[in-house]
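Structure file final.pdb (PDB, C-alpha atoms) is printed below.
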ATOM      1  CA  MET L  21     -56.714 -32.755  90.351
ATOM      2  CA  ALA L  22     -53.182 -31.638  89.966
ATOM      3  CA  THR L  23     -51.712 -31.094  86.576
ATOM      4  CA  THR L  24     -48.171 -32.102  85.886
ATOM      5  CA  PRO L  25     -45.923 -29.380  84.526
ATOM      6  CA  GLN L  26     -45.057 -29.682  80.855
ATOM      7  CA  LYS L  27     -41.542 -30.602  79.855
ATOM      8  CA  THR L  28     -39.925 -27.317  78.862
ATOM      9  CA  TYR L  29     -36.572 -28.494  77.580
ATOM     10  CA  ILE L  30     -36.198 -30.746  74.579
ATOM     11  CA  PRO L  31     -32.568 -31.268  73.538
ATOM     12  CA  SER L  32     -31.916 -30.158  69.991
ATOM     13  CA  LYS L  33     -30.244 -32.189  67.321
ATOM     14  CA  VAL L  34     -26.738 -31.096  66.489
ATOM     15  CA  VAL L  35     -25.977 -30.886  62.801
ATOM     16  CA  LYS L  36     -22.560 -32.252  61.884
ATOM     17  CA  SER L  37     -20.356 -29.613  60.293
ATOM     18  CA  ASP L  38     -16.707 -28.806  59.681
ATOM     19  CA  TYR L  39     -16.676 -25.963  62.204
ATOM     20  CA  PRO L  40     -17.787 -25.761  65.856
ATOM     21  CA  LEU L  41     -21.373 -24.922  66.728
ATOM     22  CA  ILE L  42     -21.598 -21.596  68.550
ATOM     23  CA  ASP L  43     -25.360 -21.320  68.888
ATOM     24  CA  ASN L  44     -28.211 -23.090  67.071
ATOM     25  CA  ASP L  45     -30.694 -20.337  67.927
ATOM     26  CA  PRO L  46     -28.779 -17.048  68.098
ATOM     27  CA  HIS L  47     -30.563 -13.910  69.258
ATOM     28  CA  PHE L  48     -31.123 -11.246  66.588
ATOM     29  CA  ARG L  49     -28.752  -8.799  68.316
ATOM     30  CA  ARG L  50     -25.940 -11.354  68.412
ATOM     31  CA  VAL L  51     -26.333 -12.224  64.726
ATOM     32  CA  VAL L  52     -26.172  -8.568  63.678
ATOM     33  CA  GLY L  53     -23.441  -7.752  66.205
ATOM     34  CA  TYR L  54     -21.169 -10.612  65.131
ATOM     35  CA  ALA L  55     -21.567  -9.911  61.400
ATOM     36  CA  ARG L  56     -18.392  -9.417  59.424
ATOM     37  CA  THR L  57     -17.619  -6.658  56.967
ATOM     38  CA  SER L  58     -17.946  -9.224  54.180
ATOM     39  CA  ASP L  59     -21.535  -9.900  55.295
ATOM     40  CA  TYR L  60     -22.346  -6.207  54.961
ATOM     41  CA  ILE L  61     -20.712  -6.089  51.521
ATOM     42  CA  HIS L  62     -22.566  -9.179  50.284
ATOM     43  CA  GLY L  63     -25.856  -7.834  51.627
ATOM     44  CA  THR L  64     -25.305  -4.437  50.014
ATOM     45  CA  VAL L  65     -24.436  -5.990  46.654
ATOM     46  CA  ALA L  66     -27.510  -8.230  46.851
ATOM     47  CA  ALA L  67     -29.681  -5.238  47.769
ATOM     48  CA  ALA L  68     -28.359  -3.215  44.833
ATOM     49  CA  GLY L  69     -28.723  -6.150  42.441
ATOM     50  CA  GLY L  70     -32.483  -5.854  41.899
ATOM     51  CA  PRO L  71     -32.673  -2.138  41.106
ATOM     52  CA  GLY L  72     -29.383  -2.342  39.207
ATOM     53  CA  LEU L  73     -30.576  -5.118  36.937
ATOM     54  CA  LEU L  74     -33.912  -3.391  36.384
ATOM     55  CA  TRP L  75     -32.139  -0.178  35.414
ATOM     56  CA  LEU L  76     -29.806  -2.108  33.087
ATOM     57  CA  MET L  77     -32.732  -3.858  31.387
ATOM     58  CA  GLU L  78     -34.479  -0.510  30.950
ATOM     59  CA  ARG L  79     -31.386   0.878  29.210
ATOM     60  CA  PHE L  80     -31.095  -2.037  26.762
ATOM     61  CA  ALA L  81     -34.794  -2.725  26.213
ATOM     62  CA  PRO L  82     -36.950   0.265  27.229
ATOM     63  CA  SER L  83     -40.334  -0.705  28.651
ATOM     64  CA  GLN L  84     -42.165   2.385  27.361
ATOM     65  CA  VAL L  85     -44.284   2.448  30.547
ATOM     66  CA  GLY L  86     -44.898   6.140  30.342
ATOM     67  CA  ARG L  87     -44.459   8.991  32.749
ATOM     68  CA  GLY L  88     -43.629   7.874  36.320
ATOM     69  CA  GLY L  89     -43.999   4.150  35.665
ATOM     70  CA  PHE L  90     -40.316   3.350  35.730
ATOM     71  CA  ALA L  91     -39.755   5.376  38.906
ATOM     72  CA  ARG L  92     -42.410   3.334  40.719
ATOM     73  CA  ALA L  93     -40.887   0.105  39.460
ATOM     74  CA  MET L  94     -37.452   1.232  40.662
ATOM     75  CA  ARG L  95     -38.825   2.091  44.119
ATOM     76  CA  LEU L  96     -40.457  -1.332  44.373
ATOM     77  CA  ALA L  97     -37.279  -3.048  43.181
ATOM     78  CA  GLY L  98     -35.326  -1.008  45.736
ATOM     79  CA  VAL L  99     -37.566  -2.044  48.635
ATOM     80  CA  ILE L 100     -37.490  -5.702  47.600
ATOM     81  CA  GLY L 101     -33.723  -5.470  47.082
ATOM     82  CA  VAL L 102     -33.144  -3.993  50.557
ATOM     83  CA  MET L 103     -35.235  -6.725  52.171
ATOM     84  CA  GLY L 104     -33.456  -9.436  50.190
ATOM     85  CA  GLY L 105     -30.049  -7.939  50.912
ATOM     86  CA  PHE L 106     -30.778  -7.850  54.639
ATOM     87  CA  LEU L 107     -31.951 -11.463  54.629
ATOM     88  CA  TYR L 108     -28.812 -12.544  52.762
ATOM     89  CA  PHE L 109     -26.625 -10.605  55.218
ATOM     90  CA  TYR L 110     -28.475 -12.169  58.179
ATOM     91  CA  GLU L 111     -28.250 -15.690  56.808
ATOM     92  CA  ARG L 112     -24.492 -15.459  56.150
ATOM     93  CA  SER L 113     -23.928 -14.392  59.751
ATOM     94  CA  CYS L 114     -26.218 -17.143  61.111
ATOM     95  CA  LEU L 115     -24.414 -19.848  59.170
ATOM     96  CA  ARG L 116     -21.288 -19.059  61.175
ATOM     97  CA  PHE L 117     -23.204 -19.533  64.427
ATOM     98  CA  TYR L 118     -24.372 -22.922  63.131
ATOM     99  CA  GLY L 119     -20.791 -23.895  62.244
ATOM    100  CA  MET L 120     -21.618 -24.220  58.564
ATOM    101  CA  SER L 121     -18.921 -21.809  57.430
ATOM    102  CA  GLU L 122     -15.579 -20.679  58.823
ATOM    103  CA  ASN L 123     -16.197 -19.141  62.262
ATOM    104  CA  ALA L 124     -12.931 -18.859  64.224
ATOM    105  CA  ARG L 125     -13.473 -15.125  64.817
ATOM    106  CA  GLU L 126     -17.032 -15.669  66.054
ATOM    107  CA  VAL L 127     -15.991 -18.551  68.335
ATOM    108  CA  GLU L 128     -13.485 -16.281  70.058
ATOM    109  CA  MET L 129     -15.970 -13.371  70.266
ATOM    110  CA  ASP L 130     -18.572 -15.723  71.753
ATOM    111  CA  MET L 131     -16.090 -17.041  74.324
ATOM    112  CA  GLN L 132     -15.061 -13.519  75.359
ATOM    113  CA  GLU L 133     -18.669 -12.315  75.636
ATOM    114  CA  MET L 134     -19.865 -15.305  77.637
ATOM    115  CA  VAL L 135     -16.838 -15.402  79.962
ATOM    116  CA  ALA L 136     -17.371 -11.699  80.697
ATOM    117  CA  LYS L 137     -21.001 -12.466  81.577
ATOM    118  CA  VAL L 138     -19.938 -15.330  83.837
ATOM    119  CA  LYS L 139     -17.443 -13.090  85.637
ATOM    120  CA  ALA L 140     -20.105 -10.403  86.059
ATOM    121  CA  GLY L 141     -22.610 -12.949  87.387
ATOM    122  CA  GLU L 142     -25.101 -12.265  84.587
ATOM    123  CA  PRO L 143     -27.212 -14.910  82.841
ATOM    124  CA  LEU L 144     -25.390 -16.123  79.719
ATOM    125  CA  TYR L 145     -28.214 -15.534  77.276
ATOM    126  CA  GLY L 146     -29.992 -12.653  78.986
ATOM    127  CA  GLU L 147     -33.064 -12.506  81.155
ATOM    128  CA  SER L 148     -36.517 -13.303  79.855
ATOM    129  CA  LYS L 149     -39.969 -12.328  81.041
ATOM    130  CA  LEU L 150     -41.423 -15.525  79.553
ATOM    131  CA  THR L 151     -42.126 -18.686  81.516
ATOM    132  CA  PRO L 152     -39.659 -21.542  80.984
ATOM    133  CA  HIS L 153     -42.297 -23.380  78.952
ATOM    134  CA  MET L 154     -42.815 -20.441  76.596
ATOM    135  CA  GLN L 155     -39.047 -19.981  76.282
ATOM    136  CA  GLY L 156     -38.861 -23.614  75.160
ATOM    137  CA  VAL L 157     -41.642 -23.051  72.648
ATOM    138  CA  ALA L 158     -39.834 -20.013  71.271
ATOM    139  CA  ALA L 159     -36.545 -21.932  71.083
ATOM    140  CA  ARG L 160     -38.124 -24.830  69.207
ATOM    141  CA  GLN L 161     -39.786 -22.470  66.734
ATOM    142  CA  SER L 162     -36.643 -20.553  65.783
ATOM    143  CA  ARG L 163     -33.891 -23.193  66.105
ATOM    144  CA  TYR L 164     -31.905 -23.392  62.829
ATOM    145  CA  SER L 165     -34.494 -21.057  61.283
ATOM    146  CA  ALA L 166     -31.932 -19.232  59.123
ATOM    147  CA  LEU L 167     -31.666 -22.334  56.954
ATOM    148  CA  PHE L 168     -35.228 -21.652  55.795
ATOM    149  CA  THR L 169     -34.881 -17.867  55.428
ATOM    150  CA  ALA L 170     -35.539 -17.907  51.678
ATOM    151  CA  VAL L 171     -39.006 -19.335  52.317
ATOM    152  CA  LEU L 172     -39.963 -17.886  55.717
ATOM    153  CA  PRO L 173     -37.776 -15.313  57.483
ATOM    154  CA  TRP L 174     -37.912 -16.092  61.214
ATOM    155  CA  PHE L 175     -35.759 -14.353  63.808
ATOM    156  CA  ASN L 176     -35.113 -15.109  67.476
ATOM    157  CA  PHE L 177     -36.023 -12.160  69.692
ATOM    158  CA  VAL L 178     -36.446 -14.262  72.871
ATOM    159  CA  ASN L 179     -33.808 -14.711  75.555
ATOM    160  CA  HIS L 180     -33.684 -18.360  76.610
ATOM    161  CA  SER L 181     -31.083 -20.920  77.646
ATOM    162  CA  GLN L 182     -31.673 -23.533  74.937
ATOM    163  CA  HIS L 183     -28.899 -22.996  72.411
ATOM    164  CA  GLY L 184     -27.575 -26.493  71.746
ATOM    165  CA  VAL L 185     -24.140 -25.970  73.294
ATOM    166  CA  ASP L 186     -22.558 -27.065  76.554
ATOM    167  CA  THR L 187     -22.188 -23.867  78.558
ATOM    168  CA  ALA L 188     -19.706 -25.467  80.968
ATOM    169  CA  LYS L 189     -16.871 -24.341  78.677
ATOM    170  CA  TYR L 190     -17.630 -20.705  79.536
ATOM    171  CA  TYR L 191     -17.518 -21.344  83.267
ATOM    172  CA  ILE L 192     -14.295 -23.349  82.966
ATOM    173  CA  ARG L 193     -12.613 -20.564  80.967
ATOM    174  CA  ALA L 194     -13.844 -17.945  83.466
ATOM    175  CA  GLU L 195     -12.397 -19.948  86.363
ATOM    176  CA  GLN L 196      -9.096 -20.295  84.517
ATOM    177  CA  GLU L 197      -8.936 -16.563  83.837
ATOM    178  CA  LEU L 198      -9.841 -15.660  87.418
ATOM    179  CA  GLU L 199      -7.202 -18.064  88.713
ATOM    180  CA  ALA L 200      -4.605 -16.578  86.352
ATOM    181  CA  GLU L 201      -5.541 -13.087  87.581
ATOM    182  CA  ARG L 202      -5.132 -14.228  91.196
ATOM    183  CA  GLN L 203      -1.781 -15.820  90.395
ATOM    184  CA  GLY L 204      -0.646 -12.606  88.703
ATOM    185  CA  LYS L 205      -1.685 -10.491  91.692
ATOM    186  CA  SER L 206      -0.046 -12.796  94.244
ATOM    187  CA  THR L 207       3.320 -12.732  92.426
ATOM    188  CA  SER L 208       3.300  -8.940  92.138
TER
END

As structure tokens - that is how I would like this structure written.
Amino acid sequence: MATTPQKTYIPSKVVKSDYPLIDNDPHFRRVVGYARTSDYIHGTVAAAGGPGLLWLMERFAPSQVGRGGFARAMRLAGVIGVMGGFLYFYERSCLRFYGMSENAREVEMDMQEMVAKVKAGEPLYGESKLTPHMQGVAARQSRYSALFTAVLPWFNFVNHSQHGVDTAKYYIRAEQELEAERQGKSTS
């Protein structure tokens, strides 16, 4: 008996938004690499918020926890604050990939990165050691996952080709740029 191969690609739904979709399942490195300075500032402020508020409450209404109690509470608040600040930073950057906030800078960065990969003959979204089926499973599990970060942080660490965008635009731009380069060289 022969088994039929499982369908590995299921098209994703595209959420309507005011800005263009760059990627509905961005890789962790791309999210961190495309982050803006404002994302870092917001994340840092969010991370400092927990320990800062705890310290402020201790100044106005001392807890009287005794020796070393407040230091432990501050360390715990610091760890929780750093994790929360990172998640806030990550989510702000992801929302730009989803087209849910202004993303003109990221659209241009994405176009430059992908066109460079096309010109170099590299796979657009990197190479994966997983089977196509497992890449599809990974894509379905982490697609639009940043929208649920407050409940369950879930990051994409898998290279796959299922990102909800038409990649033909990268190849068209690469052809245009190569043609322009050839035109420039022939006139010189």

query: Do you know which residues are at most 10 Å from segment 39-53 of chain L counting only C-alpha atoms, after dropping those on the same chain fewer than 5 positions away, and could you put them as a PyMOL selection string?
result: chain L and resi 32-34+59-60+109-124+126-128+130-131+145-146+158-166+174-186

Listed atoms of segment 137-152 of chain L, axis-aligned box, 8 Å per side: centre and edge lengths to one decimal in Å, as JSON?
{"center_x": -29.8, "center_y": -16.0, "center_z": 82.3, "size_x": 40.7, "size_y": 27.1, "size_z": 26.1}

- prompt: Looking at L:Gln155, L:Gly104, L:Leu172, L:Val138, which one is nearest to Leu198 of chain L, with distances taken over all atoms listed in the file?
  reply: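 Smallest separation from Leu198 of chain L among the options: L:Val138.
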
- prompt: How many Å lie between atom CA of Lys137 of chain L and atom CA of Arg193 of chain L, rounded to one decimal?
  reply: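 Between atom CA of Lys137 of chain L and atom CA of Arg193 of chain L the gap is 11.7 Å.
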
- request: Tell me which protein, DNA and RNA residues are within 10 Å of Leu96 of chain L, counting all atoms listed in the file, leaving out same-chain ones fewer than 6 positions away, and put them as a list of chain:residue names.
  value: L:Gly70, L:Pro71, L:Phe90, L:Val102

Kindly save the residues from that selection, with C-alpha atoms included, as a short mmCIF file (atom, residue, chain, number, x, y, z; two decimals), in the coordinates of the input.
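Here's the written file part.cif:
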data_model
loop_
_atom_site.label_atom_id
_atom_site.label_comp_id
_atom_site.auth_asym_id
_atom_site.auth_seq_id
_atom_site.Cartn_x
_atom_site.Cartn_y
_atom_site.Cartn_z
CA GLY L 70 -32.48 -5.85 41.90
CA PRO L 71 -32.67 -2.14 41.11
CA PHE L 90 -40.32 3.35 35.73
CA VAL L 102 -33.14 -3.99 50.56
#

field: Point-to-point distance in Å for atom CA of Leu107 of chain L and atom CA of Phe168 of chain L
entry: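 Here the two named atoms are 10.8 Å from each other.
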
task: One decimal, Å: what's the distance from atom CA of Gly89 of chain L over to atom CA of Gly105 of chain L, could you say?
output: 23.9 Å

- request: Rank L:Ala170, L:Lys139, L:Leu73, L:His153 by their smallest atom-to-atom distance to Glu195 of chain L, using only C-alpha atoms, and report the top residue only.
  value: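 Of all the options, L:Lys139 lies closest to Glu195 of chain L.
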
message: So that I can see what lies close to Tyr190 of chain L, please list as a PyMOL selection string the residues with an atom at most 7 Å from it, counting all atoms listed in the file and leaving out residues fewer than 4 positions away in the same chain.
response: chain L and resi 131+134-135+194

message: Set the distance at 12 Å and use all atoms listed in the file: which residues neighbour Arg95 of chain L once local chain neighbours fewer than 2 positions away are removed? I'd like the list as a ChimeraX atom specification.
response: /L:68,70-72,74-75,88-93,97-102

statement: Closest of L:Leu144, L:Leu76, L:Ala136, L:Ala66 to Phe106 of chain L, counting all atoms listed in the file, is L:Ala66
